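Structure file start_32.cif; described as mmCIF, C-alpha atoms.
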```cif
data_run
#
loop_
_atom_site.group_PDB
_atom_site.id
_atom_site.type_symbol
_atom_site.label_atom_id
_atom_site.label_comp_id
_atom_site.auth_asym_id
_atom_site.auth_seq_id
_atom_site.Cartn_x
_atom_site.Cartn_y
_atom_site.Cartn_z
ATOM 1 C CA VAL A 1 -7.961 -26.493 15.479
ATOM 2 C CA ALA A 2 -5.566 -25.128 12.832
ATOM 3 C CA ALA A 3 -5.172 -28.609 11.329
ATOM 4 C CA ASP A 4 -8.947 -28.988 11.259
ATOM 5 C CA ALA A 5 -9.293 -25.612 9.539
ATOM 6 C CA GLY A 6 -6.736 -26.661 6.929
ATOM 7 C CA HIS A 7 -8.620 -29.871 6.244
ATOM 8 C CA LEU A 8 -11.959 -28.045 6.061
ATOM 9 C CA ARG A 9 -10.416 -25.500 3.689
ATOM 10 C CA GLU A 10 -9.279 -28.303 1.366
ATOM 11 C CA GLN A 11 -12.785 -29.775 1.411
ATOM 12 C CA LEU A 12 -14.377 -26.416 0.649
ATOM 13 C CA LEU A 13 -11.961 -25.723 -2.200
ATOM 14 C CA ALA A 14 -12.870 -29.085 -3.745
ATOM 15 C CA LEU A 15 -16.479 -27.913 -4.150
ATOM 16 C CA PRO A 16 -17.468 -26.332 -7.473
ATOM 17 C CA GLY A 17 -17.648 -22.561 -7.267
ATOM 18 C CA ILE A 18 -15.749 -22.241 -3.970
ATOM 19 C CA GLY A 19 -12.517 -20.307 -4.256
ATOM 20 C CA PRO A 20 -9.884 -19.272 -1.721
ATOM 21 C CA TRP A 21 -11.704 -16.094 -0.627
ATOM 22 C CA THR A 22 -14.993 -17.910 0.015
ATOM 23 C CA ALA A 23 -13.303 -20.815 1.780
ATOM 24 C CA ASP A 24 -11.326 -18.517 4.076
ATOM 25 C CA TYR A 25 -14.355 -16.333 4.806
ATOM 26 C CA ALA A 26 -16.476 -19.383 5.656
ATOM 27 C CA LEU A 27 -13.794 -20.669 8.018
ATOM 28 C CA LEU A 28 -13.226 -17.259 9.573
ATOM 29 C CA ARG A 29 -16.929 -16.795 10.293
ATOM 30 C CA GLY A 30 -18.189 -20.363 10.522
ATOM 31 C CA VAL A 31 -15.605 -22.053 12.713
ATOM 32 C CA ARG A 32 -13.847 -18.930 13.957
ATOM 33 C CA ALA A 33 -10.465 -19.889 12.548
ATOM 34 C CA ILE A 34 -7.959 -17.444 14.052
ATOM 35 C CA ASP A 35 -5.252 -17.305 11.407
ATOM 36 C CA LEU A 36 -6.951 -16.603 8.078
ATOM 37 C CA ALA A 37 -7.117 -13.549 5.880
ATOM 38 C CA PRO A 38 -9.068 -13.852 2.629
ATOM 39 C CA PRO A 39 -6.606 -13.425 -0.222
ATOM 40 C CA ARG A 40 -6.900 -10.409 -2.468
ATOM 41 C CA ASP A 41 -9.753 -8.944 -0.423
ATOM 42 C CA VAL A 42 -10.516 -5.488 -1.800
ATOM 43 C CA ALA A 43 -11.885 -4.138 1.503
ATOM 44 C CA LEU A 44 -8.708 -5.178 3.335
ATOM 45 C CA LEU A 45 -6.621 -3.479 0.689
ATOM 46 C CA ALA A 46 -8.747 -0.321 0.861
ATOM 47 C CA ALA A 47 -8.414 -0.211 4.666
ATOM 48 C CA THR A 48 -4.647 -0.654 4.583
ATOM 49 C CA ARG A 49 -4.356 2.025 1.899
ATOM 50 C CA ASP A 50 -6.453 4.364 4.028
ATOM 51 C CA LEU A 51 -4.214 3.691 7.029
ATOM 52 C CA GLY A 52 -1.030 4.014 4.972
ATOM 53 C CA LEU A 53 -0.011 0.422 5.705
ATOM 54 C CA ALA A 54 -0.081 -1.227 2.257
ATOM 55 C CA GLU A 55 -0.634 -0.017 -1.283
ATOM 56 C CA ASP A 56 -1.052 -3.316 -3.166
ATOM 57 C CA HIS A 57 -1.990 -6.943 -2.558
ATOM 58 C CA ALA A 58 1.644 -8.067 -2.211
ATOM 59 C CA ALA A 59 2.243 -5.491 0.534
ATOM 60 C CA LEU A 60 -1.068 -6.456 2.149
ATOM 61 C CA ALA A 61 -0.038 -10.134 2.222
ATOM 62 C CA ALA A 62 3.313 -9.199 3.771
ATOM 63 C CA LEU A 63 1.591 -7.010 6.360
ATOM 64 C CA LEU A 64 -0.906 -9.715 7.290
ATOM 65 C CA ALA A 65 1.905 -12.264 7.568
ATOM 66 C CA THR A 66 3.270 -10.214 10.467
ATOM 67 C CA ALA A 67 -0.038 -10.730 12.295
ATOM 68 C CA ALA A 68 0.277 -14.555 12.261
ATOM 69 C CA PRO A 69 -1.052 -16.484 14.084
ATOM 70 C CA TRP A 70 -3.813 -13.900 14.592
ATOM 71 C CA ARG A 71 -4.548 -12.841 11.006
ATOM 72 C CA SER A 72 -8.308 -13.296 11.431
ATOM 73 C CA TYR A 73 -8.338 -10.673 14.169
ATOM 74 C CA ALA A 74 -6.327 -8.277 12.026
ATOM 75 C CA THR A 75 -8.759 -8.948 9.179
ATOM 76 C CA MET A 76 -11.769 -8.117 11.336
ATOM 77 C CA HIS A 77 -10.176 -4.878 12.579
ATOM 78 C CA LEU A 78 -9.387 -3.823 9.022
ATOM 79 C CA TRP A 79 -12.898 -4.676 7.829
ATOM 80 C CA HIS A 80 -14.354 -2.670 10.712
ATOM 81 C CA HIS A 81 -12.113 0.262 9.843
ATOM 82 C CA GLN A 82 -13.197 0.140 6.216
ATOM 83 C CA ALA A 83 -16.868 -0.013 7.204
ATOM 84 C CA GLY A 84 -16.446 2.890 9.624
ATOM 85 C CA LEU A 85 -17.204 0.647 12.600
ATOM 86 C CA PRO A 86 -15.373 0.769 15.917
ATOM 87 C CA ALA A 87 -12.745 -1.945 16.345
ATOM 88 C CA ARG A 88 -14.684 -3.230 19.327
ATOM 89 C CA PRO A 89 -18.194 -2.198 20.355
ATOM 90 C CA SER A 90 -18.347 -0.297 23.601
ATOM 91 C CA ARG A 91 -19.739 -2.340 26.465
ATOM 92 C CA ARG A 92 -20.143 0.611 28.788
ATOM 93 C CA LYS A 93 -23.638 1.383 29.912
ATOM 94 C CA ASP A 94 -24.887 4.909 29.645
ATOM 95 C CA THR A 95 -24.904 6.288 33.191
ATOM 96 C CA ARG A 96 -26.547 9.570 32.284
ATOM 97 C CA SER A 97 -29.941 10.264 33.831
#
```

Represent the structure contained in this file as structure tokens.
Amino acid sequence: VAADAGHLREQLLALPGIGPWTADYALLRGVRAIDLAPPRDVALLAATRDLGLAEDHAALAALLATAAPWRSYATMHLWHHQAGLPARPSRRKDTRS
């Protein structure tokens, strides 16, 4: 799957108006690629600043490199943090009467 994602990314980048962020986001969401983090994403940087994990894009890239081969999951957790969403929705049913 990773090889397919790399090939798809190349095809997307060859299209006019598609840059690295858009290509990675499309692959992350569209084909559920597991090891992508959109480069220079401002929401990821804001989340890592808020958590005290990275202060600039270089530090963010280094941090995300440590999450390989699961960078997409790290990306989603950071986006959820930035949006104020729980990392994973609760699946518990309310048992109150």

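Among A:Thr48, A:Leu8, A:Ile18, A:His77, the residue with the shortest atom-to-atom distance to Val31 of chain A, counting all atoms listed in the file, is A:Leu8.
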
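Atom CA of Arg49 of chain A sits 29.1 Å away from atom CA of Ala5 of chain A.
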
Using the chain letters and numbering of this document, enumerate as a tab-separated table (two decimals) with C-alpha atoms, in the frame of the given file the residues selected by the PyMOL selection byres ((chain A and resi 37) around 6).
```
chain	number	residue	atom	x	y	z
A	36	LEU	CA	-6.95	-16.60	8.08
A	38	PRO	CA	-9.07	-13.85	2.63
A	71	ARG	CA	-4.55	-12.84	11.01
A	72	SER	CA	-8.31	-13.30	11.43
A	75	THR	CA	-8.76	-8.95	9.18
```

Please write as a short mmCIF file (atom, residue, chain, number, x, y, z; two decimals) with C-alpha atoms, keeping the file's coordinate frame the full residue list that the PyMOL selection byres ((chain A and resi 61) around 12) yields on this file.
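New file expr03.cif:
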```
data_model
loop_
_atom_site.label_atom_id
_atom_site.label_comp_id
_atom_site.auth_asym_id
_atom_site.auth_seq_id
_atom_site.Cartn_x
_atom_site.Cartn_y
_atom_site.Cartn_z
CA LEU A 36 -6.95 -16.60 8.08
CA ALA A 37 -7.12 -13.55 5.88
CA PRO A 38 -9.07 -13.85 2.63
CA PRO A 39 -6.61 -13.42 -0.22
CA ARG A 40 -6.90 -10.41 -2.47
CA ASP A 41 -9.75 -8.94 -0.42
CA LEU A 44 -8.71 -5.18 3.34
CA LEU A 45 -6.62 -3.48 0.69
CA THR A 48 -4.65 -0.65 4.58
CA LEU A 53 -0.01 0.42 5.70
CA ALA A 54 -0.08 -1.23 2.26
CA GLU A 55 -0.63 -0.02 -1.28
CA ASP A 56 -1.05 -3.32 -3.17
CA HIS A 57 -1.99 -6.94 -2.56
CA ALA A 58 1.64 -8.07 -2.21
CA ALA A 59 2.24 -5.49 0.53
CA LEU A 60 -1.07 -6.46 2.15
CA ALA A 62 3.31 -9.20 3.77
CA LEU A 63 1.59 -7.01 6.36
CA LEU A 64 -0.91 -9.72 7.29
CA ALA A 65 1.90 -12.26 7.57
CA THR A 66 3.27 -10.21 10.47
CA ALA A 67 -0.04 -10.73 12.30
CA ALA A 68 0.28 -14.56 12.26
CA ARG A 71 -4.55 -12.84 11.01
CA ALA A 74 -6.33 -8.28 12.03
CA THR A 75 -8.76 -8.95 9.18
#
```

query = How many Å lie between atom CA of Leu27 of chain A and atom CA of Ala47 of chain A, rounded to one decimal?
reply =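 Computing it gives 21.4 Å between the two atoms.
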
ask   = How many Å lie between atom CA of Ala43 of chain A and atom CA of Gln82 of chain A, rounded to one decimal?
value = 6.5 Å

message = Could you check the closest approach to Tyr73 of chain A for each of A:Val42, A:Leu51, A:Arg29, A:Gly19 and tell me which residue wins, using only C-alpha atoms?
response =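 Smallest distance to Tyr73 of chain A is found for A:Arg29.
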
remark   = Across A:Arg9, A:His81, A:Ala46, A:Ala14, the smallest distance to Ala26 of chain A, with only C-alpha atoms counted, is shown by A:Arg9

Residue with smallest distance to Pro20 of chain A - pool A:Pro86, A:Gly52, A:Ile34, A:Gly6, counting all atoms listed in the file = A:Gly6
